[in-house]
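For reference, entry-v2.txt is printed below; it contains compact mmCIF, C-alpha atoms.
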```
# COMPACT_ATOMS: atom_id res chain seq x y z
CA MET Q 1424 -26.04 -15.50 94.92
CA GLY Q 1425 -24.00 -17.94 96.97
CA LEU Q 1426 -21.20 -17.42 99.40
CA ASN Q 1427 -18.09 -19.55 99.76
CA ALA Q 1428 -16.09 -20.30 102.88
CA GLY Q 1429 -13.00 -18.51 101.59
CA ALA Q 1430 -14.86 -15.24 101.22
CA VAL Q 1431 -16.26 -15.46 104.75
CA ILE Q 1432 -12.85 -16.27 106.22
CA ALA Q 1433 -11.31 -13.38 104.28
CA TRP Q 1434 -13.94 -11.06 105.74
CA LEU Q 1435 -13.18 -12.30 109.26
CA LEU Q 1436 -9.44 -11.77 108.81
CA GLU Q 1437 -9.94 -8.31 107.40
CA ASN Q 1438 -12.68 -7.05 109.65
CA ALA Q 1439 -12.94 -9.00 112.89
CA GLY Q 1440 -9.33 -9.08 114.07
CA VAL Q 1441 -9.17 -12.83 113.58
CA ASP Q 1442 -5.80 -14.36 112.77
CA GLU Q 1443 -5.38 -16.79 109.90
CA ASP Q 1444 -4.38 -19.65 112.17
CA GLU Q 1445 -7.43 -19.15 114.39
CA VAL Q 1446 -10.17 -19.85 111.93
CA THR Q 1447 -11.20 -22.75 109.73
CA ALA Q 1448 -14.56 -23.62 108.26
CA ASP Q 1449 -15.77 -25.32 111.43
CA THR Q 1450 -14.26 -22.97 114.04
CA LEU Q 1451 -16.94 -21.71 116.43
CA LEU Q 1452 -17.00 -17.95 116.10
CA PHE Q 1453 -19.44 -16.34 118.48
CA SER Q 1454 -20.05 -18.93 121.20
CA THR Q 1455 -16.30 -19.00 121.86
CA SER Q 1456 -16.02 -15.18 121.80
CA LEU Q 1457 -13.58 -15.33 118.90
CA VAL Q 1458 -15.84 -12.77 117.23
CA ASP Q 1459 -17.77 -10.26 119.31
CA SER Q 1460 -21.34 -9.14 118.83
CA PHE Q 1461 -20.37 -5.87 117.11
CA ASP Q 1462 -18.45 -7.76 114.46
CA MET Q 1463 -21.20 -10.36 114.17
CA VAL Q 1464 -23.67 -7.59 113.37
CA ASP Q 1465 -21.38 -6.34 110.63
CA LEU Q 1466 -20.88 -9.89 109.40
CA VAL Q 1467 -24.65 -10.35 109.09
CA ALA Q 1468 -24.94 -7.07 107.19
CA TRP Q 1469 -22.10 -8.09 104.90
CA ILE Q 1470 -23.67 -11.52 104.23
CA GLU Q 1471 -26.99 -9.89 103.39
CA ALA Q 1472 -25.32 -7.52 100.94
CA GLU Q 1473 -22.90 -10.03 99.49
CA ALA Q 1474 -25.22 -13.01 99.14
CA GLY Q 1475 -28.50 -11.21 98.62
CA VAL Q 1476 -30.24 -12.99 101.48
CA GLN Q 1477 -32.12 -11.53 104.40
CA PHE Q 1478 -31.87 -12.73 107.98
CA GLY Q 1479 -35.22 -12.72 109.68
CA PRO Q 1480 -35.38 -12.42 113.47
CA LEU Q 1481 -35.54 -16.19 113.91
CA ASP Q 1482 -32.57 -16.72 111.59
CA ILE Q 1483 -30.23 -15.01 114.04
CA ASN Q 1484 -29.10 -18.11 115.88
CA LEU Q 1485 -25.96 -20.13 116.44
CA ASP Q 1486 -27.09 -22.87 114.06
CA ASN Q 1487 -26.90 -20.40 111.19
CA LEU Q 1488 -24.05 -18.16 112.29
CA ASP Q 1489 -21.60 -19.80 114.66
CA SER Q 1490 -19.14 -21.08 112.06
CA VAL Q 1491 -18.14 -20.39 108.50
CA GLU Q 1492 -19.59 -23.66 107.29
CA ARG Q 1493 -22.93 -22.96 109.03
CA ILE Q 1494 -23.05 -19.52 107.42
CA VAL Q 1495 -22.31 -20.97 104.00
CA ALA Q 1496 -24.96 -23.65 104.52
CA PHE Q 1497 -27.55 -21.08 105.60
CA VAL Q 1498 -26.87 -18.93 102.57
CA ALA Q 1499 -27.03 -21.98 100.30
CA SER Q 1500 -30.37 -22.98 101.80
CA ARG Q 1501 -31.79 -19.54 101.03
CA SER Q 1502 -30.27 -19.33 97.58
CA SER Q 1503 -31.52 -22.65 96.28
CA MET F 910 31.16 14.25 124.28
CA SER F 911 31.05 10.67 125.49
CA ALA F 912 30.54 11.76 129.08
CA LYS F 913 27.19 13.37 128.37
CA GLY F 914 24.13 12.22 130.21
CA ILE F 915 21.47 10.27 128.35
CA ILE F 916 17.74 10.94 128.48
CA VAL F 917 15.37 8.24 127.27
CA LEU F 918 12.09 9.60 125.96
CA GLY F 919 9.04 7.74 124.72
CA ALA F 920 5.28 7.74 124.99
CA PRO F 921 4.14 5.64 127.95
CA ARG F 922 4.12 1.90 127.19
CA SER F 923 6.71 2.15 124.44
CA GLY F 924 9.34 -0.18 125.88
CA THR F 925 11.38 2.49 127.62
CA THR F 926 11.74 0.40 130.80
CA LEU F 927 13.18 -2.44 128.75
CA LEU F 928 15.65 0.03 127.28
CA ARG F 929 16.41 1.32 130.77
CA ARG F 930 17.37 -2.21 131.84
CA ILE F 931 19.66 -2.52 128.85
CA LEU F 932 21.30 0.85 129.50
CA ASP F 933 21.73 0.19 133.21
CA ALA F 934 23.42 -3.14 132.49
CA HIS F 935 26.07 -1.40 130.41
CA PRO F 936 29.40 -1.17 132.24
CA SER F 937 29.66 2.57 131.55
CA ILE F 938 26.06 3.68 132.13
CA ALA F 939 23.96 3.92 135.26
CA CYS F 940 20.23 4.35 134.63
CA PRO F 941 18.16 4.36 137.81
CA PRO F 942 14.44 3.57 137.99
CA GLU F 943 12.21 6.53 137.16
CA THR F 944 13.33 9.55 139.18
CA THR F 945 10.81 12.00 137.65
CA LEU F 946 13.59 14.59 137.91
CA PHE F 947 13.28 16.14 134.48
CA GLY F 948 9.49 16.35 134.49
CA ALA F 949 9.79 18.12 137.84
CA CYS F 950 12.37 20.51 136.37
CA ALA F 951 10.08 21.21 133.42
CA ARG F 952 7.21 21.98 135.79
CA PHE F 953 9.56 24.24 137.75
CA LEU F 954 10.20 26.13 134.52
CA HIS F 955 6.53 26.33 133.57
CA GLU F 956 5.51 29.80 132.47
CA GLN F 957 2.28 31.60 131.79
CA PRO F 958 2.31 34.17 128.99
CA LEU F 959 1.10 37.62 129.94
CA ASP F 960 0.48 40.64 127.76
CA HIS F 961 3.39 42.27 125.93
CA GLY F 962 5.24 38.94 125.60
CA VAL F 963 6.08 38.68 129.28
CA GLN F 964 6.37 35.11 130.57
CA PHE F 965 5.21 34.83 134.17
CA GLY F 966 7.30 32.13 135.81
CA VAL F 967 10.40 31.36 137.80
CA VAL F 968 12.92 32.33 135.14
CA GLU F 969 11.40 35.76 134.64
CA GLY F 970 10.84 36.12 138.38
CA LEU F 971 14.47 35.38 139.19
CA CYS F 972 15.60 37.63 136.35
CA GLN F 973 13.79 40.43 138.18
CA ALA F 974 15.87 39.50 141.23
CA GLY F 975 19.14 39.73 139.32
CA PHE F 976 19.67 36.16 138.07
CA ASP F 977 19.76 35.80 134.30
CA GLU F 978 18.20 32.85 132.48
CA ASP F 979 21.48 31.02 131.96
CA GLU F 980 22.18 31.26 135.66
CA VAL F 981 18.76 29.88 136.60
CA LEU F 982 18.91 27.06 134.09
CA GLY F 983 22.49 26.24 135.04
CA ARG F 984 21.65 25.92 138.71
CA LEU F 985 18.60 23.78 138.01
CA ARG F 986 20.59 21.64 135.59
CA GLY F 987 23.28 21.25 138.23
CA LEU F 988 20.69 20.03 140.72
CA ALA F 989 19.19 17.45 138.37
CA PHE F 990 22.43 16.30 136.82
CA GLY F 991 24.06 16.22 140.25
CA PHE F 992 21.71 13.54 141.57
CA LEU F 993 22.28 11.43 138.49
CA GLU F 994 26.04 11.95 138.53
CA ASP F 995 26.13 10.88 142.16
CA HIS F 996 24.04 7.84 141.36
CA ALA F 997 26.41 6.89 138.54
CA ALA F 998 29.44 7.46 140.75
CA ALA F 999 27.93 5.21 143.41
CA ALA F 1000 27.59 2.52 140.76
CA ASP F 1001 31.18 3.17 139.72
CA LYS F 1002 30.12 4.16 136.22
CA PRO F 1003 31.14 7.27 134.28
CA ARG F 1004 27.79 8.10 132.67
CA TRP F 1005 24.20 8.47 133.74
CA ALA F 1006 20.98 7.88 131.88
CA GLU F 1007 17.46 8.81 132.95
CA LYS F 1008 14.11 7.48 131.85
CA THR F 1009 10.74 8.56 133.17
CA ALA F 1010 7.61 7.73 131.20
CA ALA F 1011 5.92 11.09 131.66
CA ASP F 1012 8.93 13.10 130.46
CA VAL F 1013 7.69 12.93 126.89
CA PHE F 1014 4.93 15.36 127.87
CA HIS F 1015 7.53 17.87 129.05
CA LEU F 1016 9.75 17.92 125.98
CA ALA F 1017 9.93 21.69 125.63
CA GLY F 1018 10.99 22.22 129.24
CA ILE F 1019 13.49 19.36 129.17
CA GLU F 1020 15.02 20.57 125.93
CA ARG F 1021 15.20 24.10 127.32
CA LEU F 1022 16.99 22.79 130.40
CA CYS F 1023 19.32 20.28 128.78
CA GLY F 1024 19.77 21.45 125.20
CA SER F 1025 22.80 19.81 123.65
CA GLY F 1026 24.18 18.94 127.06
CA VAL F 1027 22.70 15.44 126.90
CA GLN F 1028 22.01 12.75 124.32
CA TYR F 1029 18.41 11.78 123.71
CA ILE F 1030 17.15 8.32 122.84
CA CYS F 1031 13.64 8.69 121.45
CA MET F 1032 11.70 5.45 121.54
CA VAL F 1033 8.51 4.92 119.58
CA ARG F 1034 6.02 2.09 119.43
CA HIS F 1035 2.94 1.62 117.29
CA GLY F 1036 0.39 4.06 118.68
CA LEU F 1037 -2.52 1.67 119.01
CA ASP F 1038 -0.38 -0.96 120.75
CA ALA F 1039 0.84 1.73 123.14
CA ALA F 1040 -2.75 2.90 123.76
CA VAL F 1041 -3.98 -0.64 124.43
CA SER F 1042 -1.11 -1.26 126.81
CA LEU F 1043 -1.73 2.04 128.61
CA ALA F 1044 -5.40 1.11 129.05
CA GLU F 1045 -4.29 -2.18 130.57
CA LEU F 1046 -1.84 -0.44 132.90
CA THR F 1047 -4.48 2.08 133.97
CA GLU F 1048 -6.86 -0.73 134.85
CA LYS F 1049 -4.23 -2.60 136.83
CA SER F 1050 -2.81 0.41 138.63
CA GLY F 1051 -6.17 2.09 139.27
CA GLY F 1052 -5.14 5.44 137.84
CA TYR F 1053 -3.32 7.25 135.12
CA LEU F 1054 -0.45 9.68 134.89
CA ALA F 1055 -1.36 13.29 135.67
CA GLU F 1056 -0.02 14.20 132.24
CA ILE F 1057 -2.75 12.05 130.66
CA HIS F 1058 -5.55 13.79 132.54
CA ARG F 1059 -6.14 16.53 129.98
CA TYR F 1060 -6.60 13.91 127.27
CA ILE F 1061 -9.19 12.12 129.41
CA GLN F 1062 -10.95 15.44 130.00
CA GLN F 1063 -11.21 15.97 126.27
CA GLU F 1064 -12.23 12.45 125.32
CA HIS F 1065 -14.22 10.07 127.52
CA ARG F 1066 -13.20 6.92 125.62
CA PRO F 1067 -9.88 5.85 127.14
CA LEU F 1068 -8.42 4.30 123.99
CA VAL F 1069 -9.13 7.46 122.03
CA ALA F 1070 -7.67 9.63 124.79
CA TYR F 1071 -4.52 7.49 124.99
CA THR F 1072 -4.18 7.51 121.22
CA ASN F 1073 -4.43 11.30 121.21
CA ALA F 1074 -1.74 11.44 123.88
CA TRP F 1075 0.45 9.15 121.76
CA ILE F 1076 -0.03 11.34 118.70
CA ASP F 1077 1.11 14.46 120.57
CA ALA F 1078 4.00 12.66 122.27
CA THR F 1079 5.25 11.01 119.11
CA ARG F 1080 5.02 14.17 117.04
CA GLY F 1081 7.17 15.82 119.69
CA LEU F 1082 9.73 13.03 119.60
CA LEU F 1083 9.96 13.01 115.82
CA ASP F 1084 10.33 16.79 115.82
CA LEU F 1085 13.12 16.51 118.39
CA VAL F 1086 15.00 13.95 116.32
CA GLU F 1087 14.67 16.12 113.21
CA ARG F 1088 15.67 19.26 115.10
CA ARG F 1089 18.66 17.69 116.85
CA PRO F 1090 20.13 15.02 114.57
CA ASP F 1091 23.46 15.20 116.38
CA ASP F 1092 21.94 14.81 119.83
CA ALA F 1093 18.96 12.50 119.31
CA VAL F 1094 18.50 8.99 117.95
CA LEU F 1095 15.27 7.18 117.21
CA LEU F 1096 14.60 3.60 118.28
CA ARG F 1097 11.47 1.67 117.40
CA TYR F 1098 10.15 -0.83 119.94
CA GLU F 1099 9.23 -3.27 117.21
CA ASP F 1100 12.79 -3.25 115.88
CA LEU F 1101 14.17 -3.74 119.38
CA VAL F 1102 12.08 -6.82 120.11
CA ALA F 1103 12.52 -8.28 116.61
CA ASP F 1104 16.32 -8.07 116.55
CA PRO F 1105 17.74 -6.45 119.68
CA LEU F 1106 21.36 -6.44 118.62
CA ALA F 1107 20.69 -4.93 115.22
CA ALA F 1108 18.36 -2.30 116.68
CA LEU F 1109 20.71 -1.35 119.51
CA GLU F 1110 23.84 -1.10 117.42
CA PRO F 1111 23.10 2.39 116.01
CA VAL F 1112 21.86 3.54 119.41
CA PHE F 1113 25.09 2.66 121.17
CA ALA F 1114 27.08 3.95 118.20
CA HIS F 1115 25.27 7.26 118.71
CA LEU F 1116 26.19 7.14 122.39
CA GLY F 1117 29.78 6.34 121.52
CA GLU F 1118 29.69 3.21 123.64
CA PRO F 1119 30.58 -0.39 122.69
CA PHE F 1120 27.78 -2.92 122.73
CA GLY F 1121 27.61 -6.63 122.05
CA PRO F 1122 25.65 -9.82 122.74
CA GLU F 1123 27.22 -10.32 126.17
CA GLN F 1124 25.89 -6.97 127.34
CA LEU F 1125 22.39 -7.84 126.19
CA ALA F 1126 22.53 -11.09 128.13
CA THR F 1127 23.67 -9.18 131.21
CA ALA F 1128 20.77 -6.74 130.82
CA LEU F 1129 18.14 -9.45 130.94
CA GLY F 1130 19.55 -10.93 134.09
CA HIS F 1131 19.94 -7.56 135.74
CA SER F 1132 17.33 -5.95 137.96
CA SER F 1133 16.82 -3.02 140.26
CA ALA F 1134 13.55 -2.16 141.96
CA GLY F 1135 11.82 1.15 141.41
CA PHE F 1136 9.24 2.98 139.34
CA GLY F 1137 8.79 1.68 135.83
CA ASP F 1138 7.04 -1.00 133.86
CA TRP F 1139 6.08 -3.94 136.07
CA LYS F 1140 5.91 -6.33 133.13
CA THR F 1141 9.51 -6.16 132.08
CA TRP F 1142 10.70 -7.65 135.35
CA SER F 1143 8.74 -10.83 134.77
CA ARG F 1144 10.68 -11.46 131.59
CA ASN F 1145 14.21 -12.64 131.07
CA ALA F 1146 14.08 -12.68 127.29
CA ILE F 1147 13.02 -10.14 124.70
CA ASP F 1148 10.12 -11.27 122.58
CA ALA F 1149 7.74 -9.72 120.10
CA SER F 1150 4.54 -11.13 121.58
CA SER F 1151 3.14 -7.68 122.31
CA VAL F 1152 3.49 -6.42 118.75
CA GLY F 1153 0.19 -5.95 116.94
CA ARG F 1154 -2.05 -6.52 119.97
CA TYR F 1155 -4.27 -3.68 118.84
CA ARG F 1156 -5.68 -5.77 116.01
CA LYS F 1157 -7.73 -7.70 118.51
CA ALA F 1158 -8.13 -5.04 121.17
CA VAL F 1159 -9.28 -2.07 119.07
CA SER F 1160 -12.61 -2.44 117.31
CA LYS F 1161 -12.73 -1.79 113.62
CA HIS F 1162 -15.18 1.04 114.23
CA LEU F 1163 -12.61 2.74 116.42
CA ARG F 1164 -9.79 1.99 113.98
CA ALA F 1165 -11.82 3.57 111.20
CA GLU F 1166 -12.37 6.64 113.36
CA LEU F 1167 -8.73 6.95 114.43
CA ALA F 1168 -7.08 6.17 111.11
CA PRO F 1169 -7.21 9.69 109.63
CA ARG F 1170 -5.56 11.18 112.73
CA ILE F 1171 -3.04 8.51 113.66
CA ASN F 1172 -1.91 7.41 110.19
CA PRO F 1173 0.17 10.50 109.32
CA VAL F 1174 2.13 10.09 112.57
CA LEU F 1175 2.45 6.33 112.15
CA GLU F 1176 3.82 6.78 108.65
CA ARG F 1177 6.20 9.51 109.78
CA ALA F 1178 7.54 7.10 112.41
CA GLY F 1179 8.01 4.39 109.79
CA TYR F 1180 4.88 2.31 110.39
CA ALA F 1181 2.33 1.17 107.89
CA PRO F 1182 -0.91 3.11 108.18
CA ILE F 1183 -3.73 1.24 109.85
CA LYS F 1184 -6.44 0.15 107.52
CA ALA F 1185 -9.71 1.94 107.88
CA PRO F 1186 -12.07 -1.04 107.64
CA LYS F 1187 -15.29 -0.65 105.76
CA ILE F 1188 -18.13 -0.28 108.20
CA ALA F 1189 -21.34 -1.87 107.06
CA LYS F 1190 -24.07 0.68 106.49
CA ILE F 1191 -26.87 -0.54 108.68
CA ASP F 1192 -29.80 1.42 109.97
CA ALA F 1193 -29.05 2.24 113.62
CA LYS F 1194 -32.26 0.62 114.83
CA LYS F 1195 -31.56 -2.54 112.87
CA ARG F 1196 -27.99 -2.60 114.18
CA MET F 1197 -29.26 -2.36 117.75
CA ASN F 1198 -31.83 -5.11 117.20
CA LEU F 1199 -29.23 -7.38 115.63
CA ALA F 1200 -26.78 -6.74 118.45
CA MET F 1201 -29.46 -7.50 121.05
CA ARG F 1202 -30.32 -10.74 119.29
CA MET F 1203 -26.66 -11.70 119.09
CA ASN F 1204 -26.19 -10.98 122.76
CA ALA F 1205 -29.32 -12.98 123.57
CA LEU F 1206 -27.56 -16.00 122.07
CA LYS F 1207 -25.19 -15.80 124.99
CA GLY F 1208 -28.04 -15.29 127.44
CA SER F 1209 -27.74 -18.62 129.15
CA GLY F 1210 -25.29 -17.25 131.74
CA PRO F 1211 -26.21 -15.83 135.17
CA VAL F 1212 -27.73 -12.35 135.41
CA GLY F 1213 -26.00 -9.60 137.37
CA GLY F 1214 -22.51 -9.63 138.85
```
Serialized structure, structure tokens:
Amino acid sequence: MGLNAGAVIAWLLENAGVDEDEVTADTLLFSTSLVDSFDMVDLVAWIEAEAGVQFGPLDINLDNLDSVERIVAFVASRSS
Amino acid sequence: MSAKGIIVLGAPRSGTTLLRRILDAHPSIACPPETTLFGACARFLHEQPLDHGVQFGVVEGLCQAGFDEDEVLGRLRGLAFGFLEDHAAAADKPRWAEKTAADVFHLAGIERLCGSGVQYICMVRHGLDAAVSLAELTEKSGGYLAEIHRYIQQEHRPLVAYTNAWIDATRGLLDLVERRPDDAVLLRYEDLVADPLAALEPVFAHLGEPFGPEQLATALGHSSAGFGDWKTWSRNAIDASSVGRYRKAVSKHLRAELAPRINPVLERAGYAPIKAPKIAKIDAKKRMNLAMRMNALKGSGPVGG
């Protein structure tokens, strides 16, 4: 299963208190404190359930999680 | 009728100081900074129930000394109203208004004292915005109102405690408006900041006083020092920037927890219920490990402090 940017952004708007004008595909989420660690944990859990991928301990890093496009790319790399 | 005093009631951080500025700028109304008069009167009237329906307190005590309840309440009312009437006279205005944030926690005593002898303006604001703002005020001022203490005793998480206080206060206000439709009018903070003139029109109609754009302009340029919201004095325009702050300040876990309790009161006050976000079902140990790993990503900063 894949994951598209629109679905991730929709999740952020609905669940992480992010406003529509604050987030695009390349907005940095965690390193800028736009999204806090509690919401990031829920985001990871949602990605795992939604996309059918598992994050291993070493996958929890900013390269894979700090923007919508990085998340989508990570999921795509695991789905292919 | 039009000479009645006006009491502004609202849960703390509901915009009542802004309304006080507007009232005080009116040519016919003098509304001093918070006097705490009516809360003090309500405490004066506080009673403890004893067996056989006896209320142990000043009214019953003075009744035993030959003063009936009407006499006691009349004298106390005369004391409180007298200060406010003198204040209004000194400002060369025919009417007084009073606003003290903690009064909302003394509704029963205030209503007992004032009854239909005053007009009530009941102001409400979204409960989570009010709670967030109260948390901010508490942090800045280094303490909270004594009336909030029992909520803190019951709930160690400040936002939950302040939300519980808002629920009780707002229920009381809505009950008052329903009970006294001729004496009380409801004003929502969000309506006031979105369109002040439209929101204030029915309020001043209820008071029997004229109101127009020129009076609003006067209000925002008008100031008098005293107890009340410190923020309002830094502003010379009404704006809606504080509406919906809770969406960022209250975690979705907390919103999910509070939704069942706060939503019935929000809806009764005309607000949309808050959404109870879906909380991901994650094993607690896994959640903790994930959170620690996420926090470690920010671990490049200094330790301590």
- Query: Which value, in Å to one decimal, gives the distance between atom CA of Leu1199 of chain F and atom CA of Ala1430 of chain Q?
  - Reply: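 Going from atom CA of Leu1199 of chain F over to atom CA of Ala1430 of chain Q covers 21.8 Å.
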- Task: Take atom CA of Glu1492 of chain Q and atom CA of Asn1427 of chain Q and report the distance between them in Å, one decimal.
- Result: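 Atom CA of Glu1492 of chain Q sits 8.7 Å away from atom CA of Asn1427 of chain Q.
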Using 12 Å as the limit and counting all atoms listed in the file, can you tabulate each residue of segment 1472-1501 of chain Q that touches segment 1444-1457 of chain Q, with its shortest atom-to-atom distance in Å and the two atoms involved, as CSV?
```
residue,atom,partner,partner_atom,distance
Q:Ile1483,CA,Q:Phe1453,CA,11.7
Q:Asn1484,CA,Q:Phe1453,CA,10.2
Q:Leu1485,CA,Q:Ser1454,CA,7.7
Q:Asp1486,CA,Q:Leu1451,CA,10.5
Q:Asn1487,CA,Q:Phe1453,CA,11.2
Q:Leu1488,CA,Q:Phe1453,CA,7.9
Q:Asp1489,CA,Q:Leu1452,CA,5.2
Q:Ser1490,CA,Q:Leu1451,CA,4.9
Q:Val1491,CA,Q:Ala1448,CA,4.8
Q:Glu1492,CA,Q:Ala1448,CA,5.1
Q:Arg1493,CA,Q:Asp1449,CA,7.9
Q:Ile1494,CA,Q:Ala1448,CA,9.5
Q:Val1495,CA,Q:Ala1448,CA,9.2
Q:Ala1496,CA,Q:Ala1448,CA,11.1
```
- Query: Just how far from atom CA of Ile1171 of chain F is atom CA of Pro921 of chain F, in Å to one decimal?
  - Reply: 16.2 Å
Per residue of chain Q within 7 Å of chain F, note the shortest atom pair and the distance in Å to one decimal, counting all atoms listed in the file, and order the rows by chain and increasing residue number, as CSV.
```
residue,atom,partner,partner_atom,distance
Q:Asn1438,CA,F:Pro1186,CA,6.4
Q:Gly1440,CA,F:Lys1157,CA,4.9
Q:Ser1460,CA,F:Met1203,CA,5.9
Q:Phe1461,CA,F:Ala1200,CA,6.6
Q:Val1464,CA,F:Leu1199,CA,6.0
Q:Asp1465,CA,F:Ala1189,CA,5.7
Q:Ala1468,CA,F:Ala1189,CA,6.3
Q:Trp1469,CA,F:Ala1189,CA,6.6
Q:Ile1483,CA,F:Arg1202,CA,6.8
Q:Asn1484,CA,F:Leu1206,CA,6.7
```
- Using all atoms listed in the file, determine which residues lie at most 9 Å from Leu1106 of chain F, disregarding the query and same-chain residues fewer than 2 positions distant; provide the list as number ranges by chain. F: 1101, 1104, 1108-1110, 1120-1122, 1125
- Task: Compile the contact shell of segment 1083-1088 of chain F as JSON, numbers by chain: residues with an atom at most 10 Å away, counting all atoms listed in the file, same-chain residues fewer than 4 positions apart removed.
- Result: {"F": [1016, 1017, 1020, 1029, 1030, 1031, 1032, 1033, 1078, 1079, 1092, 1093, 1094, 1095, 1174, 1177, 1178]}
